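Undergrad: I'd like to ask some things about the structure below.
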Amino acid sequence: MTEITHWADVIAEEAAKNGNKHLVSTGITPSGHIHIGNMREVVTADAAYRAMHDAGLESEFIYIADNYDPLRKVYPFLPESYAEHVGKPISEIPCPCGECKSYAEHFLTPFLEGLEKLGIHPKVYRADELYKSGRFVEAIKAALIKRDDIAKILKEVSGKDVLPEWSPFNPICQECKKINTATVTGFDADAETVDYECSCGHSGTVSMIGGGKLTWRVDWPAKWKMLNVTVEPFGKDHASRGGSYDTGKRIVREIFDHEPPQPIVYEWIMLGQKGAMSSSSGVVVSISDMLKVVPPEVLRYLIMRTKPEKHIKFDPAQPLLTLVDEYERLNSNAEIEGLNKRVLELSHAKGICHTDIPFKHMTTIAQVAHGDFDKIMKIIGRAGYDTTNEKCIRELVNNVANWLEMYAPPFAKFSVKDELPEETASLTDEQRAFLGAVSEIIGNSGELTGEDYHNLVYSSKEADSELNNKIAAKLGVDEVEINPKDMFKAIYTSVLGQQSGPKAGWFLSSIDQDFLAKRFSEAALYRP
């Protein structure tokens with residue numbers, strides 16, 4: 001049978017056909033909360049970079065923060081006071097919290113911290129610094145000189161007419177400080193200046209060094225030439241017919257005399273039933289929030305297991321546990337091979353903390369211990385897990401605590417009651433007999449594992465088992481038919497005050513055995 005090659009390795013194979021030296025580029029405008037939909041682009045780029053490195057190609061990986069773009073509008077998460085800043089470069093307007101250098105840095109900083117946690121380490125460029133340092137000057141000159149040629153390309157490729165006053169360069173008005181309200185009236189290539197008239201009434205001259213920026217459809221191919229980009233992922237919107245990649249290919253070849261990068265087109269990440277994530281619409285789960293909840297390697301796995309051209313449906317509530325379970329099963333399989341092995345390799349990264357304790361089990365342990373870390377460590381040790389890596393265990397505990405607080409559905413939450421719940425009054429005689437019999441057995445047993453508890457409860461339905469015989473004796477009958485499902489309800493009712501709860505084996509083994517014996521005995525004897 002033909003072995004399936006991971007999509008990142010396919011990208012590396014294609015790149016190798018175009019030479020041995022490559023630069024993978026990715027970039028996002030930090031205009032709002034950078035979410036896990038954006039994360040797909042960066043993780044995809046990281047996977048391509050690693051695959052090329054593994055294939056023996058000389059490769060670099062960069063990230064460009066497009067922080068010289070304007071603030072488009074007052075987004076729902078902003079106060080109305082930001083109306084005066086609409087149109088200004090986001091690198092030049094105030095931070096919403098007052099603690100960062102600029103608006104852009106307010107959103108960029110947590111994103112870059114998130115990349116560190118994900119084991120992603122690109123070289124970071126900021127667009128404002130590139131423009132202010134003069135790196136774009138030659139591209140700006142070429143674009144202004146060949147303005148009509150670019151306009152023709154845009155018309156031929158996109159089918160849209162370019163206005164007579166259109167320019168590939170957007171000056172920053174020296175009066176109102178906006179970057180999208182001025183019209184270019186002339187330029188001096190030798191002096192490296194651009195003349196403009198702004199809708200605010202001001203006219204003036206700006207330097208090509210930091211005095212404005214190229215429009216998006218010209219800026220992007222200019223970066224390809226300037227930085228020698230050879231591979232780049234981007235969303236399907238840019239890849240549409242007549243879109244910015246199509247125009248970019250023509251512009252970079254005909255205006256900047258350079259070849260376009262190998263494209264990696266990716267689909268959106270859909271947030272539950274809410275659709276594609278968008279910072280501006282508020283349909284978003286930020287990367288920083290998600291990393292408070294999900295182990296980093298699981299977020300990488302979410303991207304690595306799916307081809308870029310297929311959309312990903314992500315739900316941080318109960319379905320998140322299924323995703324984590326899937327990853328943990330794969331990670332614990334010592335005989336894994338082929339495509340799954342490669343998916344796992346690319347999900348791992350240097351510096352990512354890992355423990356062998358299942359996420360779902362920790363949701364039970366943490367709630368049983370009421371979040372007390374010392375108690376959690378004791379339960380973990382009793383369950384047979386390795387307790388030496390306290391740092392990673394603490395990270396997992398924090399992930400679980402945040403998930404329970406932020407996303408867990410009500411049925412996933414519980415609390416062990418300090419006193420016998422009043423709901424115990426609803427138990428049947430069979431359930432009381434069961435709890436009394438279980439109390440006697442576990443009270444006279446050594447330490448029980450989760451599997452021991454599981455098997456014990458199910459033994460209640462087996463005629464002639466110790467538990468079944470004890471139940472019959474307590475009911476004063478020779479034999480009894482027991483439905484274990486009803487007995488699990490009795491356990492949850494007597495401990496949690498509700499008829500359902502977490503996986504019983506894990507749950508019971510996480511609770512002190514003497515406490516259980518006493519509680520079950522009390523419940524068996526309770527008569528309202």
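Quick note on naming: the chains in the structure tokens go A, B, ... in the order shown, residues restart at 1 in each chain, and ligands are numbered from 1 in order of appearance.
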What lies within 7 Å of Ala182 of chain A using only C-alpha atoms, ignoring chain neighbours under 5 positions off, as a PyMOL selection string?
TA: chain A and resi 170-171+173+196-199
Undergrad: Report as a VMD selection string all protein, DNA and RNA residues lying within 12 Å of Ser167 of chain A, evaluated on only C-alpha atoms, omitting residues in the same chain fewer than 4 positions from it.
TA: chain A and resid 140 to 141 143 to 151 154 162 to 163 171 180 to 187 194 to 196 212 to 218
Undergrad: Could you list, as a list in words, every residue within 6 Å of Ala524 of chain A, counting only C-alpha atoms and ignoring same-chain residues fewer than 5 positions away?
TA: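 Here the answer would be Arg432, Leu435 and Gly436 of chain A.
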Undergrad: Can you tell me, as an MDAnalysis selection string, what residues are no more than 6 Å from Ile269 of chain A when counting only C-alpha atoms, ignoring any on the same chain fewer than 4 positions away?
TA: chainID A and resid 37 276 311:313
Undergrad: Using N, CA, C and O atoms, can you write the selected residues to a file as a short mmCIF file (atom, residue, chain, number, x, y, z; two decimals), in the first residue's frame?
TA:
data_model
loop_
_atom_site.label_atom_id
_atom_site.label_comp_id
_atom_site.auth_asym_id
_atom_site.auth_seq_id
_atom_site.Cartn_x
_atom_site.Cartn_y
_atom_site.Cartn_z
N GLY A 37 -7.75 31.19 14.52
CA GLY A 37 -7.89 31.15 13.06
C GLY A 37 -6.63 31.70 12.41
O GLY A 37 -6.11 31.15 11.43
N ALA A 276 -16.66 31.29 10.57
CA ALA A 276 -15.24 31.64 10.50
C ALA A 276 -14.91 32.71 11.52
O ALA A 276 -15.67 33.66 11.73
N HIS A 311 -11.25 22.97 5.84
CA HIS A 311 -11.58 23.81 6.99
C HIS A 311 -11.58 22.97 8.26
O HIS A 311 -11.74 21.74 8.23
N ILE A 312 -11.36 23.62 9.36
CA ILE A 312 -11.31 22.97 10.67
C ILE A 312 -12.45 23.53 11.52
O ILE A 312 -12.63 24.75 11.61
N LYS A 313 -13.21 22.63 12.11
CA LYS A 313 -14.26 23.06 13.03
C LYS A 313 -13.72 22.93 14.45
O LYS A 313 -13.27 21.85 14.85
#
Undergrad: Under the rule that only C-alpha atoms are counted, which of A:Gln499, A:Ser439, A:Thr26, A:Ser445 is the nearest residue to Phe414 of chain A?
TA: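 Checking each candidate against Phe414 of chain A, we get A:Gln499 as the closest.
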Undergrad: Residues at most 10 Å from Ala366 of chain A, counting only C-alpha atoms, excluding those fewer than 6 positions away in the same chain, as a ChimeraX atom specification?
TA: /A:372-373,375-377,379,397-398,400-401,404,510
Undergrad: Go ahead and compute the interatomic distance for atom CA of Glu430 of chain A and atom CA of Leu516 of chain A, in Å to one decimal.
TA: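 Separating atom CA of Glu430 of chain A from atom CA of Leu516 of chain A is a distance of 18.3 Å.
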Undergrad: So which bits of segment 390-516 of chain A end up alpha helix (DSSP H) when you DSSP the backbone, as a ChimeraX atom specification?
TA: /A:390-406,429-443,450-458,466-475,484-496,504-509,513-516
Undergrad: Just give me the gap between atom CA of Arg329 of chain A and atom CA of Phe111 of chain A in Å, one decimal is fine.
TA: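 These atoms are spaced 29.0 Å apart.
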Undergrad: Using only C-alpha atoms, I'd like a table of the residues in segment 379-490 of chain A that come within 12 Å of segment 337-360 of chain A; for each, show the closest atom pair and its distance in Å rounded to one decimal, ordered by chain and ascending number, as a Markdown table.
TA:
| residue | atom | partner | partner_atom | distance |
| --- | --- | --- | --- | --- |
| A:Ile379 | CA | A:Ile357 | CA | 11.5 |
| A:Ile380 | CA | A:Ile357 | CA | 8.2 |
| A:Gly381 | CA | A:Ile357 | CA | 10.7 |
| A:Ala383 | CA | A:Ile357 | CA | 9.7 |
| A:Gly384 | CA | A:Ile357 | CA | 9.8 |
| A:Tyr385 | CA | A:Ile357 | CA | 6.7 |
| A:Asp386 | CA | A:Asp356 | CA | 7.6 |
| A:Thr387 | CA | A:Thr355 | CA | 9.0 |
| A:Thr388 | CA | A:Thr355 | CA | 9.8 |
| A:Asn389 | CA | A:Thr355 | CA | 7.5 |
| A:Glu390 | CA | A:Thr355 | CA | 9.2 |
| A:Lys391 | CA | A:Cys353 | CA | 8.0 |
| A:Cys392 | CA | A:Cys353 | CA | 5.3 |
| A:Ile393 | CA | A:Thr355 | CA | 6.4 |
| A:Arg394 | CA | A:Thr355 | CA | 9.9 |
| A:Glu395 | CA | A:Cys353 | CA | 7.9 |
| A:Leu396 | CA | A:Phe359 | CA | 7.4 |
| A:Val397 | CA | A:Phe359 | CA | 8.8 |
| A:Asn398 | CA | A:Phe359 | CA | 11.0 |
| A:Asn399 | CA | A:Phe359 | CA | 8.7 |
| A:Val400 | CA | A:Phe359 | CA | 7.2 |
| A:Ala401 | CA | A:Phe359 | CA | 10.8 |
| A:Trp403 | CA | A:Phe359 | CA | 10.4 |
| A:Leu404 | CA | A:Lys360 | CA | 11.0 |
| A:Ala408 | CA | A:Lys360 | CA | 11.5 |
| A:Ala412 | CA | A:Lys360 | CA | 10.0 |
| A:Lys413 | CA | A:Lys360 | CA | 11.8 |
Undergrad: Quick check for you: according to DSSP on this backbone, which residues of segment 98-261 of chain A are classed as strand (DSSP E or B)? Reply as a PyMOL selection string.
TA: chain A and resi 123-126+169-171+182-188+193-198+203-207+212-214+231-235
Undergrad: Do a neighbour search on Ala65 of chain A at 12 Å with only C-alpha atoms, toss out local chain neighbours closer than 6 positions, and write the hits as a ChimeraX atom specification.
TA: /A:25-31,34,42,90-91,104-105,107-109,111-112,122-130
Undergrad: Residues near Leu420 of chain A, anyone? I mean within 8 Å using only C-alpha atoms, not counting same-chain ones fewer than 2 positions away, as a VMD selection string.
TA: chain A and resid 417 to 418 422 424 494 to 495 519 522 to 523
Undergrad: Please produce a file of the residues just selected, as an mmCIF file, in the first residue's frame, where the atoms kept are N, CA, C and O atoms.
TA:
data_model
loop_
_atom_site.group_PDB
_atom_site.id
_atom_site.type_symbol
_atom_site.label_atom_id
_atom_site.label_comp_id
_atom_site.auth_asym_id
_atom_site.auth_seq_id
_atom_site.Cartn_x
_atom_site.Cartn_y
_atom_site.Cartn_z
ATOM 1 N N LYS A 417 -19.427 16.867 47.762
ATOM 2 C CA LYS A 417 -20.084 17.512 48.901
ATOM 3 C C LYS A 417 -19.426 17.105 50.220
ATOM 4 O O LYS A 417 -19.131 15.926 50.443
ATOM 5 N N ASP A 418 -19.215 18.102 51.069
ATOM 6 C CA ASP A 418 -18.596 17.819 52.371
ATOM 7 C C ASP A 418 -19.546 17.038 53.284
ATOM 8 O O ASP A 418 -19.098 16.241 54.116
ATOM 9 N N GLU A 422 -28.691 16.046 50.430
ATOM 10 C CA GLU A 422 -30.094 15.743 50.751
ATOM 11 C C GLU A 422 -30.750 14.927 49.650
ATOM 12 O O GLU A 422 -31.746 14.238 49.894
ATOM 13 N N THR A 424 -29.820 12.287 48.573
ATOM 14 C CA THR A 424 -29.695 10.875 48.930
ATOM 15 C C THR A 424 -31.027 10.289 49.377
ATOM 16 O O THR A 424 -31.249 9.068 49.301
ATOM 17 N N SER A 494 -24.841 10.154 46.120
ATOM 18 C CA SER A 494 -24.352 10.201 47.507
ATOM 19 C C SER A 494 -23.101 11.058 47.668
ATOM 20 O O SER A 494 -22.825 11.559 48.761
ATOM 21 N N VAL A 495 -22.347 11.245 46.576
ATOM 22 C CA VAL A 495 -21.090 12.012 46.676
ATOM 23 C C VAL A 495 -21.244 13.427 46.114
ATOM 24 O O VAL A 495 -20.719 14.384 46.691
ATOM 25 N N ARG A 519 -18.876 7.653 53.544
ATOM 26 C CA ARG A 519 -19.995 8.317 52.857
ATOM 27 C C ARG A 519 -21.030 7.301 52.379
ATOM 28 O O ARG A 519 -22.240 7.492 52.539
ATOM 29 N N GLU A 522 -23.035 6.025 55.302
ATOM 30 C CA GLU A 522 -24.024 7.025 55.746
ATOM 31 C C GLU A 522 -25.230 7.040 54.802
ATOM 32 O O GLU A 522 -26.383 7.117 55.248
ATOM 33 N N ALA A 523 -24.936 6.985 53.504
ATOM 34 C CA ALA A 523 -26.018 7.027 52.515
ATOM 35 C C ALA A 523 -26.908 5.796 52.630
ATOM 36 O O ALA A 523 -28.137 5.875 52.478
#
Undergrad: Work out how far apart atom CA of Thr230 of chain A and atom CA of Ile255 of chain A are and give it in Å to one decimal.
TA: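 So the answer is 17.5 Å.
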Undergrad: Smallest atom-to-atom distance to Leu475 of chain A: which of A:Ser59, A:Gln431, A:Ser158, A:Ser521, using only C-alpha atoms?
TA: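 Selected residue with least distance to Leu475 of chain A: A:Gln431.
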